[in-house]
Structure formats: structure tokens, C-alpha cells
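Source file: structure.csv. Holds: CSV, N, CA and C atoms.
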```
chain,number,residue,atom,x,y,z
A,1,GLU,N,40.3,-29.7,-2.3
A,1,GLU,CA,38.9,-29.7,-1.9
A,1,GLU,C,38.3,-28.4,-2.3
A,2,MET,N,39.0,-27.3,-2.2
A,2,MET,CA,38.5,-26.0,-2.6
A,2,MET,C,38.2,-26.0,-4.1
A,3,GLU,N,39.1,-26.6,-4.7
A,3,GLU,CA,38.9,-26.6,-6.2
A,3,GLU,C,37.7,-27.4,-6.6
A,4,GLU,N,37.5,-28.5,-5.8
A,4,GLU,CA,36.4,-29.4,-6.1
A,4,GLU,C,35.1,-28.6,-5.8
A,5,ARG,N,35.1,-27.9,-4.7
A,5,ARG,CA,33.9,-27.1,-4.3
A,5,ARG,C,33.6,-26.1,-5.3
A,6,GLU,N,34.7,-25.4,-5.8
A,6,GLU,CA,34.5,-24.4,-6.8
A,6,GLU,C,34.0,-25.0,-8.1
A,7,ARG,N,34.5,-26.1,-8.5
A,7,ARG,CA,34.0,-26.8,-9.7
A,7,ARG,C,32.6,-27.2,-9.5
A,8,ALA,N,32.3,-27.7,-8.3
A,8,ALA,CA,30.9,-28.2,-8.0
A,8,ALA,C,30.0,-27.0,-8.0
A,9,SER,N,30.5,-25.8,-7.5
A,9,SER,CA,29.7,-24.6,-7.4
A,9,SER,C,29.4,-24.1,-8.9
A,10,VAL,N,30.5,-24.1,-9.7
A,10,VAL,CA,30.3,-23.7,-11.1
A,10,VAL,C,29.4,-24.6,-11.8
A,11,ALA,N,29.5,-25.9,-11.6
A,11,ALA,CA,28.7,-26.9,-12.2
A,11,ALA,C,27.2,-26.7,-11.8
A,12,LEU,N,27.1,-26.5,-10.5
A,12,LEU,CA,25.7,-26.2,-9.9
A,12,LEU,C,25.1,-25.0,-10.6
A,13,ALA,N,25.9,-23.9,-10.7
A,13,ALA,CA,25.4,-22.7,-11.3
A,13,ALA,C,25.0,-22.9,-12.7
A,14,ALA,N,25.9,-23.7,-13.5
A,14,ALA,CA,25.6,-24.0,-14.9
A,14,ALA,C,24.3,-24.8,-15.0
A,15,SER,N,24.2,-25.8,-14.0
A,15,SER,CA,23.1,-26.6,-14.0
A,15,SER,C,21.8,-25.8,-13.7
A,16,GLU,N,21.9,-24.9,-12.8
A,16,GLU,CA,20.8,-24.0,-12.4
A,16,GLU,C,20.4,-23.2,-13.6
A,17,ALA,N,21.4,-22.6,-14.3
A,17,ALA,CA,21.2,-21.8,-15.5
A,17,ALA,C,20.5,-22.6,-16.6
A,18,GLU,N,21.0,-23.8,-16.8
A,18,GLU,CA,20.3,-24.7,-17.8
A,18,GLU,C,18.9,-25.1,-17.4
A,19,ARG,N,18.7,-25.3,-16.1
A,19,ARG,CA,17.3,-25.6,-15.6
A,19,ARG,C,16.4,-24.4,-15.8
A,20,GLU,N,16.9,-23.2,-15.6
A,20,GLU,CA,16.1,-22.0,-15.8
A,20,GLU,C,15.8,-21.8,-17.3
A,21,ARG,N,16.8,-22.0,-18.1
A,21,ARG,CA,16.7,-21.9,-19.6
A,21,ARG,C,15.6,-22.9,-20.1
A,22,ILE,N,15.7,-24.2,-19.6
A,22,ILE,CA,14.7,-25.2,-19.9
A,22,ILE,C,13.3,-24.8,-19.4
A,23,GLN,N,13.2,-24.3,-18.2
A,23,GLN,CA,12.0,-23.8,-17.6
A,23,GLN,C,11.4,-22.7,-18.4
A,24,GLN,N,12.2,-21.7,-18.9
A,24,GLN,CA,11.8,-20.6,-19.7
A,24,GLN,C,11.3,-21.1,-21.1
A,25,SER,N,12.0,-22.1,-21.6
A,25,SER,CA,11.6,-22.7,-22.9
A,25,SER,C,10.3,-23.4,-22.8
A,26,LEU,N,10.1,-24.1,-21.7
A,26,LEU,CA,8.8,-24.8,-21.4
A,26,LEU,C,7.7,-23.8,-21.3
A,27,SER,N,7.9,-22.7,-20.5
A,27,SER,CA,6.9,-21.7,-20.3
A,27,SER,C,6.5,-21.1,-21.7
A,28,GLU,N,7.5,-20.8,-22.5
A,28,GLU,CA,7.3,-20.2,-23.8
A,28,GLU,C,6.5,-21.2,-24.7
A,29,SER,N,6.9,-22.5,-24.6
A,29,SER,CA,6.2,-23.5,-25.4
A,29,SER,C,4.8,-23.6,-24.9
A,30,TRP,N,4.6,-23.6,-23.6
A,30,TRP,CA,3.2,-23.7,-23.1
A,30,TRP,C,2.4,-22.5,-23.5
A,31,GLU,N,2.9,-21.3,-23.5
A,31,GLU,CA,2.2,-20.1,-23.9
A,31,GLU,C,1.9,-20.2,-25.4
A,32,GLU,N,2.8,-20.7,-26.2
A,32,GLU,CA,2.6,-20.8,-27.6
A,32,GLU,C,1.5,-21.8,-27.9
A,33,ALA,N,1.5,-23.0,-27.1
A,33,ALA,CA,0.5,-24.0,-27.3
A,33,ALA,C,-0.9,-23.4,-26.9
A,34,ARG,N,-0.9,-22.6,-25.8
A,34,ARG,CA,-2.2,-22.0,-25.4
A,34,ARG,C,-2.7,-21.1,-26.5
A,35,ARG,N,-1.8,-20.3,-27.0
A,35,ARG,CA,-2.3,-19.3,-28.1
A,35,ARG,C,-2.8,-20.1,-29.3
A,36,ALA,N,-2.1,-21.2,-29.7
A,36,ALA,CA,-2.5,-22.0,-30.8
A,36,ALA,C,-3.8,-22.7,-30.5
A,37,TRP,N,-4.0,-23.1,-29.3
A,37,TRP,CA,-5.3,-23.7,-28.9
A,37,TRP,C,-6.5,-22.7,-29.0
A,38,GLU,N,-6.2,-21.5,-28.5
A,38,GLU,CA,-7.2,-20.4,-28.6
A,38,GLU,C,-7.5,-20.0,-30.1
A,39,HIS,N,-6.4,-20.0,-30.9
A,39,HIS,CA,-6.6,-19.7,-32.3
A,39,HIS,C,-7.5,-20.8,-32.9
A,40,ALA,N,-7.2,-22.0,-32.6
A,40,ALA,CA,-7.9,-23.1,-33.2
A,40,ALA,C,-9.4,-23.0,-32.8
A,41,ALA,N,-9.6,-22.6,-31.5
A,41,ALA,CA,-11.0,-22.5,-31.1
A,41,ALA,C,-11.7,-21.4,-31.8
A,42,ARG,N,-11.0,-20.3,-32.1
A,42,ARG,CA,-11.6,-19.1,-32.8
A,42,ARG,C,-11.9,-19.6,-34.3
A,43,VAL,N,-10.9,-20.3,-34.9
A,43,VAL,CA,-11.1,-20.8,-36.2
A,43,VAL,C,-12.3,-21.7,-36.3
A,44,THR,N,-12.4,-22.6,-35.3
A,44,THR,CA,-13.6,-23.5,-35.3
A,44,THR,C,-14.9,-22.7,-35.1
A,45,ASP,N,-14.9,-21.7,-34.3
A,45,ASP,CA,-16.1,-20.9,-34.1
A,45,ASP,C,-16.5,-20.2,-35.5
A,46,VAL,N,-15.5,-19.7,-36.1
A,46,VAL,CA,-15.7,-19.0,-37.4
A,46,VAL,C,-16.2,-20.0,-38.4
A,47,SER,N,-15.6,-21.2,-38.5
A,47,SER,CA,-15.9,-22.2,-39.4
A,47,SER,C,-17.4,-22.7,-39.2
A,48,ASN,N,-17.7,-22.8,-37.9
A,48,ASN,CA,-19.1,-23.2,-37.6
A,48,ASN,C,-20.1,-22.1,-38.0
A,49,ALA,N,-19.7,-20.9,-37.7
A,49,ALA,CA,-20.6,-19.8,-38.1
A,49,ALA,C,-20.8,-19.7,-39.6
A,50,CYS,N,-19.7,-19.9,-40.4
A,50,CYS,CA,-19.7,-19.9,-41.8
A,50,CYS,C,-20.6,-21.1,-42.3
A,51,HIS,N,-20.4,-22.3,-41.7
A,51,HIS,CA,-21.2,-23.4,-42.1
A,51,HIS,C,-22.7,-23.1,-41.8
A,52,GLY,N,-23.0,-22.5,-40.7
A,52,GLY,CA,-24.4,-22.1,-40.4
A,52,GLY,C,-24.9,-21.1,-41.5
A,53,ASP,N,-24.1,-20.1,-41.8
A,53,ASP,CA,-24.5,-19.1,-42.8
A,53,ASP,C,-24.7,-19.8,-44.2
A,54,LEU,N,-23.8,-20.7,-44.5
A,54,LEU,CA,-23.9,-21.5,-45.8
A,54,LEU,C,-25.2,-22.2,-45.8
A,55,ASN,N,-25.6,-22.9,-44.7
A,55,ASN,CA,-26.8,-23.6,-44.7
A,55,ASN,C,-28.0,-22.7,-44.9
A,56,MET,N,-27.9,-21.5,-44.2
A,56,MET,CA,-29.0,-20.5,-44.3
A,56,MET,C,-29.1,-20.0,-45.7
A,57,LEU,N,-28.0,-19.8,-46.4
A,57,LEU,CA,-28.0,-19.3,-47.8
A,57,LEU,C,-28.6,-20.4,-48.7
A,58,ARG,N,-28.2,-21.7,-48.4
A,58,ARG,CA,-28.8,-22.7,-49.3
A,58,ARG,C,-30.3,-22.8,-49.1
A,59,GLN,N,-30.8,-22.7,-47.9
A,59,GLN,CA,-32.2,-22.7,-47.6
A,59,GLN,C,-32.9,-21.5,-48.3
A,60,LEU,N,-32.3,-20.3,-48.2
A,60,LEU,CA,-32.8,-19.2,-48.9
A,60,LEU,C,-32.8,-19.4,-50.4
A,61,ALA,N,-31.8,-19.9,-51.0
A,61,ALA,CA,-31.7,-20.1,-52.4
A,61,ALA,C,-32.8,-21.1,-52.8
A,62,ARG,N,-33.0,-22.2,-52.0
A,62,ARG,CA,-34.0,-23.2,-52.3
A,62,ARG,C,-35.4,-22.5,-52.3
A,63,SER,N,-35.7,-21.7,-51.3
A,63,SER,CA,-37.0,-21.1,-51.3
A,63,SER,C,-37.2,-20.1,-52.4
A,64,ARG,N,-36.1,-19.3,-52.7
A,64,ARG,CA,-36.3,-18.4,-53.8
A,64,ARG,C,-36.5,-19.1,-55.2
A,65,LEU,N,-35.8,-20.3,-55.3
A,65,LEU,CA,-35.9,-21.1,-56.5
A,65,LEU,C,-37.4,-21.6,-56.6
A,66,SER,N,-37.9,-22.0,-55.5
A,66,SER,CA,-39.3,-22.5,-55.5
A,66,SER,C,-40.3,-21.4,-55.8
A,67,LEU,N,-40.0,-20.2,-55.3
A,67,LEU,CA,-40.9,-19.0,-55.6
A,67,LEU,C,-40.8,-18.7,-57.1
A,68,PHE,N,-39.5,-18.7,-57.6
A,68,PHE,CA,-39.3,-18.4,-59.0
A,68,PHE,C,-40.1,-19.4,-59.9
A,69,ALA,N,-40.0,-20.7,-59.5
A,69,ALA,CA,-40.7,-21.8,-60.3
A,69,ALA,C,-42.2,-21.5,-60.2
A,70,ALA,N,-42.7,-21.1,-59.1
A,70,ALA,CA,-44.1,-20.9,-59.0
A,70,ALA,C,-44.5,-19.7,-59.8
A,71,LYS,N,-43.7,-18.6,-59.8
A,71,LYS,CA,-44.0,-17.4,-60.7
A,71,LYS,C,-43.9,-17.8,-62.1
A,72,LEU,N,-42.9,-18.6,-62.5
A,72,LEU,CA,-42.8,-19.1,-63.9
A,72,LEU,C,-44.0,-19.9,-64.3
A,73,GLU,N,-44.4,-20.7,-63.4
A,73,GLU,CA,-45.6,-21.5,-63.8
A,73,GLU,C,-46.8,-20.6,-63.9
A,74,GLY,N,-47.0,-19.6,-63.1
A,74,GLY,CA,-48.1,-18.7,-63.2
A,74,GLY,C,-48.0,-17.9,-64.5
A,75,MET,N,-46.7,-17.5,-64.9
A,75,MET,CA,-46.6,-16.8,-66.2
A,75,MET,C,-46.9,-17.7,-67.3
A,76,GLU,N,-46.5,-19.0,-67.3
A,76,GLU,CA,-46.8,-19.9,-68.3
A,76,GLU,C,-48.3,-20.0,-68.5
A,77,LEU,N,-49.1,-20.1,-67.3
A,77,LEU,CA,-50.5,-20.2,-67.4
A,77,LEU,C,-51.1,-18.9,-68.0
A,78,ALA,N,-50.6,-17.8,-67.6
A,78,ALA,CA,-51.1,-16.5,-68.1
A,78,ALA,C,-50.9,-16.4,-69.6
A,79,VAL,N,-49.7,-16.8,-70.1
A,79,VAL,CA,-49.4,-16.8,-71.5
A,79,VAL,C,-50.3,-17.8,-72.3
A,80,SER,N,-50.5,-19.0,-71.7
A,80,SER,CA,-51.5,-19.9,-72.3
A,80,SER,C,-52.9,-19.3,-72.4
A,81,ASP,N,-53.3,-18.7,-71.3
A,81,ASP,CA,-54.6,-18.0,-71.3
A,81,ASP,C,-54.7,-17.0,-72.4
A,82,ALA,N,-53.6,-16.2,-72.5
A,82,ALA,CA,-53.6,-15.1,-73.5
A,82,ALA,C,-53.6,-15.7,-74.9
A,83,MET,N,-52.9,-16.8,-75.1
A,83,MET,CA,-52.9,-17.4,-76.4
A,83,MET,C,-54.3,-17.9,-76.8
A,84,HIS,N,-55.0,-18.5,-75.8
A,84,HIS,CA,-56.4,-19.0,-76.0
A,84,HIS,C,-57.3,-17.8,-76.3
A,85,HIS,N,-57.1,-16.7,-75.6
A,85,HIS,CA,-57.9,-15.5,-75.8
A,85,HIS,C,-57.7,-14.9,-77.2
A,86,ALA,N,-56.4,-14.9,-77.6
A,86,ALA,CA,-56.0,-14.4,-78.9
A,86,ALA,C,-56.7,-15.3,-80.0
A,87,ARG,N,-56.7,-16.6,-79.8
A,87,ARG,CA,-57.3,-17.5,-80.8
A,87,ARG,C,-58.8,-17.2,-80.8
A,88,ASP,N,-59.4,-17.0,-79.6
A,88,ASP,CA,-60.8,-16.6,-79.6
A,88,ASP,C,-61.1,-15.3,-80.3
A,89,LEU,N,-60.2,-14.3,-80.1
A,89,LEU,CA,-60.3,-13.1,-80.8
A,89,LEU,C,-60.2,-13.3,-82.3
A,90,ASP,N,-59.3,-14.1,-82.7
A,90,ASP,CA,-59.1,-14.4,-84.2
A,90,ASP,C,-60.4,-15.0,-84.7
A,91,VAL,N,-61.0,-15.9,-84.0
A,91,VAL,CA,-62.3,-16.5,-84.4
A,91,VAL,C,-63.4,-15.4,-84.6
A,92,VAL,N,-63.5,-14.6,-83.5
A,92,VAL,CA,-64.5,-13.5,-83.5
A,92,VAL,C,-64.2,-12.5,-84.7
A,93,LYS,N,-62.9,-12.2,-84.9
A,93,LYS,CA,-62.6,-11.3,-86.0
A,93,LYS,C,-63.0,-11.9,-87.4
A,94,GLY,N,-62.7,-13.2,-87.5
A,94,GLY,CA,-63.1,-13.9,-88.7
A,94,GLY,C,-64.6,-13.9,-88.9
A,95,GLU,N,-65.4,-14.2,-87.8
A,95,GLU,CA,-66.8,-14.1,-87.9
A,95,GLU,C,-67.3,-12.7,-88.3
A,96,ARG,N,-66.7,-11.7,-87.6
A,96,ARG,CA,-67.0,-10.3,-87.9
A,96,ARG,C,-66.8,-10.0,-89.4
A,97,ASP,N,-65.6,-10.4,-89.9
A,97,ASP,CA,-65.3,-10.1,-91.3
A,97,ASP,C,-66.3,-10.8,-92.2
A,98,ALA,N,-66.6,-12.0,-91.9
A,98,ALA,CA,-67.6,-12.7,-92.7
A,98,ALA,C,-69.0,-12.0,-92.7
A,99,LEU,N,-69.4,-11.5,-91.5
A,99,LEU,CA,-70.6,-10.8,-91.4
A,99,LEU,C,-70.6,-9.5,-92.2
A,100,MET,N,-69.4,-8.8,-92.1
A,100,MET,CA,-69.2,-7.6,-92.9
A,100,MET,C,-69.3,-7.8,-94.4
A,101,ARG,N,-68.7,-8.9,-94.8
A,101,ARG,CA,-68.8,-9.2,-96.3
A,101,ARG,C,-70.3,-9.5,-96.7
A,102,GLU,N,-71.0,-10.3,-95.8
A,102,GLU,CA,-72.4,-10.6,-96.0
A,102,GLU,C,-73.2,-9.3,-96.1
A,103,ARG,N,-72.9,-8.4,-95.1
A,103,ARG,CA,-73.6,-7.1,-95.1
A,103,ARG,C,-73.4,-6.3,-96.4
A,104,GLU,N,-72.2,-6.3,-96.8
A,104,GLU,CA,-71.8,-5.5,-98.0
A,104,GLU,C,-72.6,-6.2,-99.2
A,105,SER,N,-72.6,-7.5,-99.2
A,105,SER,CA,-73.3,-8.2,-100.3
A,105,SER,C,-74.8,-7.9,-100.3
A,106,LEU,N,-75.4,-7.9,-99.0
A,106,LEU,CA,-76.8,-7.6,-98.9
A,106,LEU,C,-77.1,-6.1,-99.3
A,107,GLU,N,-76.2,-5.2,-98.9
A,107,GLU,CA,-76.4,-3.8,-99.3
A,107,GLU,C,-76.3,-3.6,-100.8
A,108,SER,N,-75.4,-4.3,-101.4
A,108,SER,CA,-75.2,-4.3,-102.8
A,108,SER,C,-76.5,-4.8,-103.5
A,109,GLU,N,-77.0,-5.9,-103.0
A,109,GLU,CA,-78.2,-6.5,-103.5
A,109,GLU,C,-79.4,-5.6,-103.3
A,110,ARG,N,-79.5,-4.9,-102.1
A,110,ARG,CA,-80.6,-4.0,-101.9
A,110,ARG,C,-80.5,-2.8,-102.9
A,111,GLU,N,-79.3,-2.3,-103.1
A,111,GLU,CA,-79.1,-1.2,-104.0
A,111,GLU,C,-79.6,-1.6,-105.4
A,112,SER,N,-79.2,-2.8,-105.8
A,112,SER,CA,-79.6,-3.4,-107.1
A,112,SER,C,-81.1,-3.5,-107.2
A,113,LEU,N,-81.7,-4.0,-106.1
A,113,LEU,CA,-83.2,-4.1,-106.1
A,113,LEU,C,-83.8,-2.7,-106.1
A,114,ARG,N,-83.3,-1.7,-105.5
A,114,ARG,CA,-83.8,-0.3,-105.6
A,114,ARG,C,-83.8,0.2,-107.1
A,115,HIS,N,-82.7,-0.1,-107.7
A,115,HIS,CA,-82.6,0.3,-109.1
A,115,HIS,C,-83.6,-0.4,-110.0
A,116,THR,N,-83.8,-1.7,-109.6
A,116,THR,CA,-84.8,-2.5,-110.4
A,116,THR,C,-86.2,-2.0,-110.1
A,117,VAL,N,-86.5,-1.7,-108.8
A,117,VAL,CA,-87.8,-1.1,-108.5
A,117,VAL,C,-88.0,0.2,-109.1
A,118,ALA,N,-87.0,1.0,-109.1
A,118,ALA,CA,-87.1,2.4,-109.7
A,118,ALA,C,-87.3,2.2,-111.2
A,119,ALA,N,-86.6,1.3,-111.8
A,119,ALA,CA,-86.8,1.1,-113.3
A,119,ALA,C,-88.2,0.6,-113.6
A,120,LEU,N,-88.7,-0.3,-112.8
A,120,LEU,CA,-90.1,-0.9,-112.9
A,120,LEU,C,-91.1,0.2,-112.7
A,121,GLU,N,-90.9,1.1,-111.8
A,121,GLU,CA,-91.8,2.2,-111.5
A,121,GLU,C,-91.8,3.1,-112.7
A,122,CYS,N,-90.7,3.3,-113.3
A,122,CYS,CA,-90.6,4.2,-114.5
A,122,CYS,C,-91.4,3.6,-115.7
A,123,GLU,N,-91.3,2.3,-115.8
A,123,GLU,CA,-92.0,1.7,-116.9
A,123,GLU,C,-93.5,1.7,-116.7
A,124,VAL,N,-93.9,1.7,-115.5
A,124,VAL,CA,-95.4,1.6,-115.2
A,124,VAL,C,-95.9,3.0,-115.3
```
I'd like the structure from this file rewritten - as C-alpha cells, please.
Amino acid sequence: EMEERERASVALAASEAERERIQQSLSESWEEARRAWEHAARVTDVSNACHGDLNMLRQLARSRLSLFAAKLEGMELAVSDAMHHARDLDVVKGERDALMRERESLESERESLRHTVAALECEV
């Protein structure tokens, strides 16, 4: 009977030690699961923040692209206006050159007429 009590006591102690080991393992597992859950929550928060930042960057890129397109359109209009102005200047220069040639021709004719008048005056 003593032996049986002693064996039962040893078995009970072993059982108690096993229960404590299992309890410790469960506590550690629970703590590890809690840390994993908190980490997942932080990762989710960071992911959501990044997603928000990404959307904001996309919106900024779209508005900058629109602004660039508007500036480009303005530049194209300015270049077109400058080209029309340059063509107008070319026309004006052409007209000026034609008038200068006509003037030179008239001056030459006037000079010729002076010589003719001078020659006629000498004859008279």
C-alpha cells in the first residue's frame, strides 16, 4: 500500500509537472499569438497608410500631368502665334524690299532725268 501511494504520489507529481509544462506552453503560445496579431495589425495599418499615400501620389501625378498638358497646349499656341507673326514679318520684309527696289529705280530714273534736263539746258 505504501508502495502504491508512493507510485501514485510520483505519478501525481509527474502529472502535475506535465500539466504545468502544458500550461506554460499554452501561455507561451498565447503570447506568441497575441504578438503575431499585434504585428498583423501594425502591418495592416502601414499597408493602409501606404495605400492612402499611393492614392494621393496618383492624384498628384494626374493633376501635374493635366497642368503639364495645359502648359504644353499654351506653348503650342504661342509657337503657332510666333510662326504666324514670323510669316507676317516675312511678308512685310518682302513688301519693304520691293518698295526699296522701286525707290532705287525711281532715284535712278530721277538722276537720269536730271542729266537729261542738264543736257537740254546746256543745248538751249
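Picture a line from atom C of Ala78 in chain A to atom N of Asp97 in chain A; it runs 25.8 Å.
Between atom C of Ala36 in chain A and CA of Asp53 in chain A the separation is 24.3 Å.
Here CA of Glu95 in chain A stands at a distance of 26.5 Å from CA of Leu113 in chain A.
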